[in-house]
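Asker: Contents of target_32.txt (compact mmCIF, C-alpha atoms and all ligand atoms) are below:
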```
# COMPACT_ATOMS: atom_id res chain seq x y z
CA MET J 55 6.91 -11.64 -2.57
CA THR J 56 8.89 -14.65 -1.52
CA GLN J 57 9.62 -17.01 -4.39
CA PHE J 58 10.43 -20.61 -3.89
CA PRO J 59 13.78 -21.39 -5.44
CA GLN J 60 14.43 -23.79 -8.22
CA SER J 61 17.01 -26.25 -7.14
CA PHE J 62 20.69 -26.38 -7.87
CA PRO J 63 22.23 -26.21 -10.48
CA ALA J 64 19.46 -24.22 -12.27
CA THR J 65 19.68 -21.77 -9.42
CA ARG J 66 23.08 -20.58 -8.37
CA MET J 67 22.74 -17.68 -5.98
CA ARG J 68 26.36 -16.74 -6.52
CA ARG J 69 25.72 -15.66 -10.16
CA LEU J 70 24.40 -12.32 -8.94
CA ARG J 71 27.40 -11.76 -6.70
CA GLN J 72 30.19 -12.24 -9.21
CA SER J 73 31.17 -8.61 -9.80
CA PRO J 74 30.57 -5.12 -8.43
CA TRP J 75 28.29 -3.96 -11.25
CA ILE J 76 25.82 -6.81 -10.83
CA ARG J 77 25.92 -6.58 -7.05
CA GLY J 78 25.10 -2.90 -7.39
CA LEU J 79 22.29 -3.58 -9.82
CA VAL J 80 20.55 -6.06 -7.55
CA ALA J 81 21.20 -4.25 -4.25
CA GLU J 82 17.92 -3.94 -2.36
CA ASN J 83 18.92 -0.90 -0.33
CA THR J 84 21.10 2.14 -0.77
CA LEU J 85 22.76 4.51 1.62
CA THR J 86 23.29 8.15 0.73
CA PRO J 87 24.24 11.26 2.71
CA ALA J 88 20.53 12.21 2.51
CA ASP J 89 19.83 9.37 4.96
CA LEU J 90 22.02 10.83 7.67
CA VAL J 91 21.38 13.22 10.53
CA TRP J 92 24.61 14.60 11.97
CA ALA J 93 24.62 14.52 15.78
CA ILE J 94 26.78 17.28 17.27
CA PHE J 95 27.61 18.63 20.73
CA VAL J 96 27.75 22.36 21.40
CA HIS J 97 29.37 24.15 24.32
CA ASP J 98 29.55 27.70 25.55
CA GLY J 99 33.33 28.04 25.30
CA GLU J 100 35.67 28.70 22.43
CA GLY J 101 36.68 26.35 19.67
CA ARG J 102 36.54 22.57 19.73
CA VAL J 103 37.00 20.34 22.78
CA PRO J 104 37.47 16.60 22.20
CA VAL J 105 35.11 14.17 23.95
CA GLY J 106 37.40 11.50 25.41
CA SER J 107 35.00 8.59 25.09
CA LEU J 108 33.98 9.50 21.52
CA PRO J 109 37.21 9.54 19.48
CA GLY J 110 36.93 11.99 16.58
CA ILE J 111 34.02 13.91 18.15
CA ASP J 112 34.41 17.39 19.63
CA ARG J 113 32.18 19.73 21.55
CA LEU J 114 31.74 22.74 19.29
CA SER J 115 31.51 26.43 20.03
CA VAL J 116 28.56 28.30 18.53
CA LYS J 117 30.90 29.54 15.80
CA GLU J 118 32.12 26.02 15.03
CA ALA J 119 28.52 24.79 14.99
CA ALA J 120 27.73 27.35 12.30
CA LEU J 121 30.72 26.13 10.25
CA THR J 122 29.49 22.58 10.75
CA ALA J 123 26.11 23.51 9.29
CA LYS J 124 27.92 24.76 6.18
CA ARG J 125 29.96 21.57 6.07
CA ALA J 126 26.76 19.50 6.26
CA SER J 127 25.45 21.41 3.29
CA GLU J 128 28.61 20.66 1.27
CA LEU J 129 28.38 16.98 2.17
CA GLY J 130 24.69 16.63 1.29
CA ILE J 131 23.67 15.89 4.88
CA PRO J 132 20.13 17.24 5.26
CA ALA J 133 19.94 17.86 8.98
CA ILE J 134 21.85 18.32 12.21
CA ALA J 135 20.72 17.26 15.68
CA LEU J 136 22.35 19.34 18.38
CA PHE J 137 22.98 18.46 21.99
CA PRO J 138 24.31 20.92 24.55
CA TYR J 139 27.15 20.48 27.00
CA ILE J 140 26.21 22.54 30.03
CA GLY J 141 28.88 23.07 32.66
CA PRO J 142 28.13 22.84 36.42
CA GLU J 143 27.48 26.61 36.55
CA GLY J 144 24.60 26.23 34.09
CA LYS J 145 22.82 23.43 35.95
CA ASP J 146 20.22 23.59 38.73
CA GLU J 147 17.65 21.35 40.42
CA THR J 148 14.88 22.15 37.93
CA GLY J 149 16.95 22.51 34.78
CA SER J 150 15.81 26.10 34.34
CA GLY J 151 18.54 26.73 31.76
CA ALA J 152 16.58 24.57 29.33
CA LEU J 153 13.86 27.23 29.14
CA ASN J 154 16.13 30.19 28.48
CA PRO J 155 15.21 31.73 25.10
CA ASP J 156 18.78 33.05 24.81
CA GLY J 157 20.51 29.93 26.11
CA LEU J 158 23.22 28.00 24.32
CA VAL J 159 20.89 26.00 22.08
CA PRO J 160 18.84 28.99 20.88
CA ARG J 161 22.08 30.90 20.17
CA ALA J 162 23.53 27.97 18.27
CA LEU J 163 20.30 27.58 16.30
CA ARG J 164 20.35 31.21 15.21
CA ALA J 165 24.00 31.05 14.15
CA MET J 166 23.53 27.80 12.27
CA LYS J 167 20.38 29.00 10.50
CA GLU J 168 22.17 32.10 9.39
CA ALA J 169 25.18 30.15 8.13
CA ALA J 170 23.21 27.46 6.29
CA PRO J 171 19.46 28.10 6.08
CA GLU J 172 19.07 25.02 3.86
CA ILE J 173 20.03 22.63 6.69
CA GLY J 174 17.32 21.20 8.95
CA LEU J 175 17.92 21.76 12.66
CA ILE J 176 16.72 19.25 15.20
CA THR J 177 16.76 19.94 18.92
CA ASP J 178 16.67 17.65 21.90
CA VAL J 179 13.79 18.33 24.28
CA ALA J 180 14.67 16.99 27.74
CA LEU J 181 16.13 18.48 30.90
CA ASP J 182 19.08 16.13 31.50
CA ALA J 183 21.83 18.45 30.29
CA TYR J 184 20.54 21.20 32.57
CA THR J 185 19.71 19.42 35.84
CA THR J 186 22.16 18.88 38.69
CA HIS J 187 20.76 15.34 39.09
CA GLY J 188 21.03 14.45 35.39
CA HIS J 189 17.43 13.28 34.96
CA ASP J 190 15.37 14.21 31.90
CA GLY J 191 12.69 15.72 34.12
CA LEU J 192 12.14 17.25 37.53
CA LEU J 193 13.09 15.22 40.58
CA ASP J 194 10.86 15.06 43.66
CA ALA J 195 12.27 14.65 47.15
CA ASP J 196 11.16 11.01 47.22
CA GLY J 197 13.15 10.27 44.05
CA THR J 198 10.25 10.20 41.59
CA ILE J 199 10.26 12.08 38.29
CA PRO J 200 6.88 13.85 38.24
CA ASN J 201 5.34 13.42 34.79
CA ASP J 202 2.91 16.28 34.33
CA ALA J 203 5.02 18.96 36.02
CA THR J 204 7.94 17.90 33.79
CA VAL J 205 5.77 18.13 30.68
CA GLU J 206 5.04 21.78 31.50
CA LYS J 207 8.78 22.50 31.47
CA LEU J 208 9.32 20.58 28.25
CA VAL J 209 6.62 22.61 26.54
CA GLN J 210 8.47 25.81 27.47
CA GLN J 211 11.75 24.36 26.23
CA ALA J 212 10.19 23.31 22.92
CA LEU J 213 8.70 26.78 22.44
CA ALA J 214 12.11 28.38 23.07
CA HIS J 215 13.62 26.14 20.39
CA ALA J 216 10.84 26.91 17.92
CA ALA J 217 11.23 30.65 18.48
CA ALA J 218 14.99 30.39 17.86
CA GLY J 219 14.58 28.67 14.51
CA ALA J 220 14.52 24.92 15.13
CA ASP J 221 12.81 23.01 12.33
CA ILE J 222 12.16 19.85 14.30
CA VAL J 223 11.93 19.36 18.05
CA ALA J 224 12.73 15.89 19.26
CA PRO J 225 11.46 15.15 22.77
CA SER J 226 13.72 12.44 24.18
CA ASP J 227 12.42 12.50 27.75
CA MET J 228 9.81 9.68 27.58
CA MET J 229 7.25 11.49 29.74
CA ASP J 230 3.67 10.50 28.93
CA GLY J 231 1.60 13.03 27.01
CA ARG J 232 4.40 15.41 26.13
CA ILE J 233 3.91 15.16 22.38
CA GLY J 234 0.27 16.23 22.69
CA ALA J 235 1.14 19.07 25.04
CA ILE J 236 3.91 20.37 22.79
CA ARG J 237 1.73 20.07 19.67
CA GLN J 238 -1.04 22.02 21.42
CA ALA J 239 1.37 24.76 22.50
CA PHE J 240 2.84 25.02 18.99
CA ASP J 241 -0.63 25.42 17.52
CA ASP J 242 -1.62 27.98 20.14
CA GLU J 243 1.53 30.02 19.47
CA GLY J 244 1.25 29.90 15.68
CA PHE J 245 4.02 27.33 15.09
CA THR J 246 1.72 25.16 13.00
CA ASN J 247 4.53 23.96 10.72
CA MET J 248 6.88 22.87 13.49
CA MET J 249 7.77 19.23 13.05
CA ILE J 250 7.95 16.86 15.99
CA LEU J 251 10.20 13.82 15.94
CA ALA J 252 9.17 11.74 18.93
CA TYR J 253 11.74 9.58 20.65
CA ALA J 254 8.79 7.21 20.92
CA ALA J 255 10.68 4.06 21.82
CA LYS J 256 13.68 5.07 23.84
CA TYR J 257 15.13 2.29 25.93
CA ALA J 258 16.86 2.47 29.29
CA SER J 259 20.22 1.52 27.85
CA GLY J 260 23.83 1.19 28.87
CA PHE J 261 24.82 2.30 25.39
CA TYR J 262 24.37 5.98 26.33
CA GLY J 263 27.49 6.09 28.49
CA PRO J 264 29.78 8.25 26.30
CA TYR J 265 26.93 10.68 25.57
CA ARG J 266 26.52 11.44 29.26
CA ASP J 267 30.21 12.14 29.33
CA ALA J 268 29.83 14.47 26.34
CA ILE J 269 26.94 16.50 27.79
CA GLY J 270 28.40 16.55 31.27
CA SER J 271 25.75 14.49 33.06
CA ALA J 272 27.75 11.30 33.62
CA LYS J 273 29.01 12.20 37.06
CA SER J 274 25.84 13.91 38.21
CA LEU J 275 23.24 11.29 37.25
CA LYS J 276 21.51 10.00 40.37
CA GLY J 277 20.13 6.50 39.95
CA ASP J 278 18.88 5.34 36.58
CA LYS J 279 16.14 6.20 34.09
CA LYS J 280 14.19 2.95 34.25
CA THR J 281 10.97 4.55 35.52
CA TYR J 282 10.54 6.46 32.29
CA GLN J 283 12.63 4.81 29.57
CA GLN J 284 11.62 1.43 28.19
CA ASP J 285 12.75 -1.98 29.37
CA PRO J 286 15.06 -3.64 26.78
CA ALA J 287 13.01 -6.81 27.27
CA ASN J 288 9.96 -5.33 25.53
CA SER J 289 8.83 -4.76 21.98
CA GLU J 290 5.00 -4.77 22.10
CA GLU J 291 5.35 -1.81 24.42
CA ALA J 292 7.29 0.08 21.74
CA LEU J 293 4.34 -0.24 19.37
CA ARG J 294 2.00 1.19 22.01
CA GLU J 295 4.40 4.08 22.61
CA VAL J 296 4.61 4.85 18.89
CA ALA J 297 0.83 4.68 18.44
CA LEU J 298 0.34 7.16 21.28
CA ASP J 299 2.92 9.64 20.02
CA LEU J 300 1.46 9.56 16.50
CA ALA J 301 -2.03 10.09 17.88
CA GLU J 302 -0.75 13.06 19.89
CA GLY J 303 0.70 14.74 16.82
CA ALA J 304 4.21 13.42 16.13
CA ASP J 305 5.26 13.66 12.47
CA MET J 306 8.02 11.11 12.76
CA VAL J 307 9.15 8.62 15.35
CA MET J 308 12.48 7.40 16.58
CA VAL J 309 13.85 4.19 17.97
CA LYS J 310 16.89 4.37 20.22
CA PRO J 311 19.47 2.83 20.59
CA GLY J 312 20.02 1.58 17.04
CA LEU J 313 21.77 -1.62 16.07
CA PRO J 314 20.76 -3.76 19.07
CA TYR J 315 17.17 -2.59 18.47
CA LEU J 316 16.82 -3.13 14.72
CA ASP J 317 13.95 -5.53 15.36
CA ILE J 318 12.07 -2.58 16.87
CA VAL J 319 12.97 -0.33 13.93
CA HIS J 320 11.61 -2.96 11.59
CA ARG J 321 8.42 -3.57 13.54
CA VAL J 322 7.69 0.13 13.90
CA SER J 323 8.32 0.97 10.24
CA THR J 324 6.27 -1.94 8.92
CA THR J 325 3.44 -1.57 11.43
CA PHE J 326 2.90 2.16 11.07
CA GLY J 327 4.37 3.12 7.71
CA VAL J 328 5.53 6.46 9.10
CA PRO J 329 9.01 7.96 8.84
CA THR J 330 11.01 6.00 11.38
CA LEU J 331 14.42 7.26 12.38
CA ALA J 332 16.96 5.29 14.32
CA TYR J 333 19.65 6.66 16.59
CA GLN J 334 23.04 5.04 16.40
CA VAL J 335 23.96 6.11 19.91
CA SER J 336 27.24 7.04 21.49
CA GLY J 337 28.09 3.59 22.86
CA GLU J 338 27.59 2.06 19.43
CA TYR J 339 29.91 4.64 17.88
CA ALA J 340 32.47 4.16 20.65
CA GLN J 341 32.45 0.37 20.27
CA ILE J 342 33.24 0.59 16.57
CA LYS J 343 35.90 3.27 17.07
CA ALA J 344 37.58 1.45 19.92
CA ALA J 345 37.78 -1.84 18.05
CA ALA J 346 39.04 -0.04 14.93
CA MET J 347 41.69 1.83 16.93
CA ASN J 348 42.91 -1.50 18.26
CA GLY J 349 43.15 -2.84 14.74
CA TRP J 350 40.53 -5.47 15.53
CA ILE J 351 38.05 -4.43 12.84
CA ASP J 352 38.15 -2.32 9.69
CA GLY J 353 36.53 0.83 11.08
CA ASP J 354 35.40 2.34 7.77
CA ARG J 355 33.90 -0.87 6.60
CA VAL J 356 32.02 -1.53 9.82
CA MET J 357 30.79 2.07 9.90
CA MET J 358 29.27 1.77 6.42
CA GLU J 359 27.92 -1.70 7.08
CA SER J 360 26.24 -0.60 10.30
CA LEU J 361 24.58 2.35 8.55
CA MET J 362 23.35 0.19 5.69
CA CYS J 363 21.84 -2.24 8.19
CA PHE J 364 19.61 0.55 9.50
CA LYS J 365 18.29 1.10 5.99
CA ARG J 366 17.68 -2.61 5.50
CA ALA J 367 15.72 -2.71 8.74
CA GLY J 368 13.42 0.03 7.46
CA ALA J 369 14.84 3.24 8.92
CA SER J 370 14.15 6.30 6.84
CA GLY J 371 17.06 8.10 8.43
CA ILE J 372 19.86 7.55 10.91
CA ILE J 373 21.04 9.95 13.57
CA THR J 374 24.73 9.23 13.90
CA TYR J 375 28.07 10.58 15.08
CA PHE J 376 29.50 9.04 11.91
CA ALA J 377 27.57 11.39 9.62
CA GLU J 378 30.50 13.51 8.47
CA GLU J 379 32.86 10.57 7.96
CA ALA J 380 30.25 8.45 6.21
CA ALA J 381 28.98 11.25 3.96
CA ASP J 382 32.56 12.05 3.01
CA LYS J 383 33.11 8.44 1.94
CA LEU J 384 29.80 8.27 0.12
CA GLY J 385 30.85 11.44 -1.69
N1 LIG J 401 18.79 12.45 24.06
C1 LIG J 401 19.87 12.10 23.24
C2 LIG J 401 20.64 10.98 23.81
O1 LIG J 401 20.33 10.50 24.89
C3 LIG J 401 21.77 10.41 23.01
C4 LIG J 401 22.33 9.16 23.55
C5 LIG J 401 23.62 8.69 22.95
O2 LIG J 401 24.08 9.10 21.89
O3 LIG J 401 24.20 7.83 23.60
MG MG J 402 5.57 7.77 25.33
```
For the structure just supplied, provide its representation as structure tokens.
Ligand SMILES: NCC(=O)CCC(=O)O
Ligand SMILES: [Mg+2]

Answerer:
Amino acid sequence: MTQFPQSFPATRMRRLRQSPWIRGLVAENTLTPADLVWAIFVHDGEGRVPVGSLPGIDRLSVKEAALTAKRASELGIPAIALFPYIGPEGKDETGSGALNPDGLVPRALRAMKEAAPEIGLITDVALDAYTTHGHDGLLDADGTIPNDATVEKLVQQALAHAAAGADIVAPSDMMDGRIGAIRQAFDDEGFTNMMILAYAAKYASGFYGPYRDAIGSAKSLKGDKKTYQQDPANSEEALREVALDLAEGADMVMVKPGLPYLDIVHRVSTTFGVPTLAYQVSGEYAQIKAAAMNGWIDGDRVMMESLMCFKRAGASGIITYFAEEAADKLG
């Protein structure tokens, strides 16, 4: 409850800031490795391949992904969200690779589960990594992304992930009705405990640039995603999106991007009182890294500050490329 202050000098706000122990005692929020979801990229090749626009981030082989799951466990990071890099040979018009039960993601899931069964595995449900045109859904000849036909594909993709050992599927495509369709299919197939994290409020954002580079869709993307992702001008619309996804059977919701959208994180978490995750996306990571590499900001400090700000806004967890670095510092 807001209290009206007594006036100076009875009240001196600086008393509670005078040393680390008292600042710690009165801190309203905390950040721990348990708040972080480690976003990783997997590829079908060997070893680790650096992503140019995300300094410090590599695409990982299936083997490296399994080692990363073990590393998450050591660091106290509860979950990993994996995103596939699919080369040109693995892409087609309809993104059929996304449905392959033995594709890269299912293979990585199995290897990671075996290496560290205690780590939660979150998969991305969308076709963009697998389509030649880079859209999250199918693409009709007239340039539209057909909603219902896309949802049918997404359901198959989600089932393939569930069968391979995913704990949480996270549809990031923004088609209408996909949460309900996936929930129905999970129930029909006996996956009653599968968790769904809905990218409920995903905005059509320029902050995804480095990610498209990382998953190999930057060059191929035709047009933009404004007919399915949300307009950055809107916030009432985000509440409608969240309400629908919860009604359709989502267990948790996500807001994306992160820092520029903390007002949405706050509104969603206070309005619905459901676990609300935020995604600190690739462009946010790249901004901080680039400025730090130029010596313009203290990179570690800004990393930790940015993550704490998500907690203050009401996020219950943060998907971030900083997870390993931050968890290491939080020790
Ligand atoms: N579906 C996952 C993303 O689009 C990630 C975006 C980013 O990190 O920029
Ligand atoms: Mg929606």

Asker: Residues of chain J that approach ligand MG 402 (chain J) to 7 Å or less, counting all atoms listed in the file: could you list each one with the shortest pair of atoms and its distance in Å to one decimal, rows by chain and increasing residue number, as a tab-separated table?

Answerer:
```
residue	atom	partner	partner_atom	distance
J:Met228	CA	J:MG402	MG	5.2
J:Met229	CA	J:MG402	MG	6.0
J:Asp230	CA	J:MG402	MG	4.9
J:Gly231	CA	J:MG402	MG	6.8
J:Ala254	CA	J:MG402	MG	5.5
J:Glu295	CA	J:MG402	MG	4.7
J:Leu298	CA	J:MG402	MG	6.6
J:Asp299	CA	J:MG402	MG	6.2
```

Asker: Rounded to one decimal, what separation in Å do you get between CA of Val307 (chain J) and CA of Ala255 (chain J)?

Answerer: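 We find that CA of Val307 (chain J) and CA of Ala255 (chain J) lie 8.1 Å from each other.
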
Asker: Mind pulling up the distance from CA of Leu90 (chain J) to CA of Val103 (chain J)?

Answerer: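 Going from CA of Val103 (chain J) over to CA of Leu90 (chain J), I get 23.3 Å.
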
Asker: Show me which residues sit within 10 Å of ligand LIG 401 (chain J) when counting all atoms listed in the file, and put them as JSON, numbers by chain.

Answerer: {"J": [93, 94, 108, 135, 136, 137, 138, 177, 178, 179, 180, 181, 182, 183, 190, 224, 225, 226, 227, 253, 256, 257, 258, 259, 260, 261, 262, 263, 264, 265, 266, 267, 268, 269, 310, 311, 312, 333, 334, 335, 336, 337, 338, 339, 340, 373, 374, 375]}

Asker: Of the candidates J:Gly277, J:Leu384, J:Gly110, J:Phe326, which shows the shortest atom-to-atom distance to Arg294 (chain J), using all atoms listed in the file?

Answerer: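 Looking at the shortest contact to Arg294 (chain J), the residue is J:Phe326.
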
Asker: Which of these, J:Gly303, J:Gly270, J:Gly368, J:Gly130, has the shortest distance to Gly144 (chain J) once you count only C-alpha atoms?

Answerer: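 With only C-alpha atoms as the atom set, the closest residue is J:Gly270.
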
Asker: Could you check how far CA of Asp305 (chain J) sits from CA of Ile111 (chain J), in Å to one decimal?

Answerer: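 Rounded to one decimal, the two atoms are 29.3 Å apart.
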
Asker: Show me, as a CSV table (one decimal) with C-alpha atoms, in the coordinates of the input, the residues that have an atom within 7 Å of Glu147 (chain J) when counting only C-alpha atoms, minus same-chain residues fewer than 2 positions from it.

Answerer:
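Now in part-v5.csv:
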```csv
chain,number,residue,atom,x,y,z
J,149,GLY,CA,17.0,22.5,34.8
J,185,THR,CA,19.7,19.4,35.8
J,186,THR,CA,22.2,18.9,38.7
J,187,HIS,CA,20.8,15.3,39.1
```

Asker: Let me make sure I understand: among J:Glu290, J:Asp285, J:Glu168, J:Asp196, which one has the smallest atom-to-atom distance to Lys124 (chain J) if we use all atoms listed in the file?

Answerer: J:Glu168

Asker: Assuming 4 Å of padding per side, give the centre and edge lengths of the axis-aligned box around every listed atom of region 141-152 of chain J, in Å to one decimal and as AutoDock Vina command-line options.

Answerer:
```
--center_x 21.9 --center_y 24.0 --center_z 34.9 --size_x 22.0 --size_y 13.4 --size_z 19.1
```

Asker: Hey, which of J:Ala212, J:Ala239, J:Ser271, J:Ile233 ends up closest to Tyr139 (chain J)? Count all atoms listed in the file.

Answerer: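 Nearest to Tyr139 (chain J): J:Ser271.
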
Asker: Give me the residues within 9 Å of Ala380 (chain J) as a list in words, counting only C-alpha atoms and dropping any in the same chain fewer than 3 places off.

Answerer: Thr86, Pro87, Leu90, Asp354, Met357, Met358, Leu361, Phe376, Ala377, Lys383, Leu384 and Gly385 of chain J

Asker: Enumerate, as a list in words, the protein, DNA and RNA residues whose atoms approach (29.5, 17.5, 4.5) to within 9 Å, taking into account only C-alpha atoms and the coordinate frame of the file.

Answerer: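 Residues lying no farther than 9 Å from the given point: Pro87, Thr122, Ala123, Lys124, Arg125, Ala126, Ser127, Glu128, Leu129, Gly130, Ile131, Ala377, Glu378, Glu379, Ala381, Asp382 and Gly385 of chain J.
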
Asker: Compare J:Lys279, J:Lys343, J:His97, J:Arg237 by their minimum atom-to-atom distance to Leu213 (chain J), counting only C-alpha atoms, and give me the closest one.

Answerer: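 Counting only C-alpha atoms, the residue closest to Leu213 (chain J) is J:Arg237.
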
Asker: Around (26.4, 26.1, 26.4) in the file's frame, which residues reach within 10 Å when counting all atoms listed in the file? Return as a PyMOL selection string?

Answerer: chain J and resi 95-99+113-116+137-141+144+151+157-162+183-184+269

Asker: Measuring atom to atom with all atoms listed in the file, identify which of J:Ala272, J:Ile199, J:Met308, J:Leu153 is nearest to Gly371 (chain J).

Answerer: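 Among J:Ala272, J:Ile199, J:Met308, J:Leu153, it is J:Met308 that comes nearest to Gly371 (chain J).
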
Asker: Pick out the residues sitting within 9 Å of Gly219 (chain J), and hand them over as a list in words; count only C-alpha atoms, and ignore anything fewer than 6 positions along from it in its own chain.

Answerer: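 Result of the neighbour search: Pro160, Leu163, Arg164, Lys167 and Leu175 of chain J.
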
Asker: Taking C-alpha atoms for each residue, export the selection above as a compact mmCIF listing (two decimals), in the frame of the given file.

Answerer:
```txt
# COMPACT_ATOMS: atom_id res chain seq x y z
CA PRO J 160 18.84 28.99 20.88
CA LEU J 163 20.30 27.58 16.30
CA ARG J 164 20.35 31.21 15.21
CA LYS J 167 20.38 29.00 10.50
CA LEU J 175 17.92 21.76 12.66
```
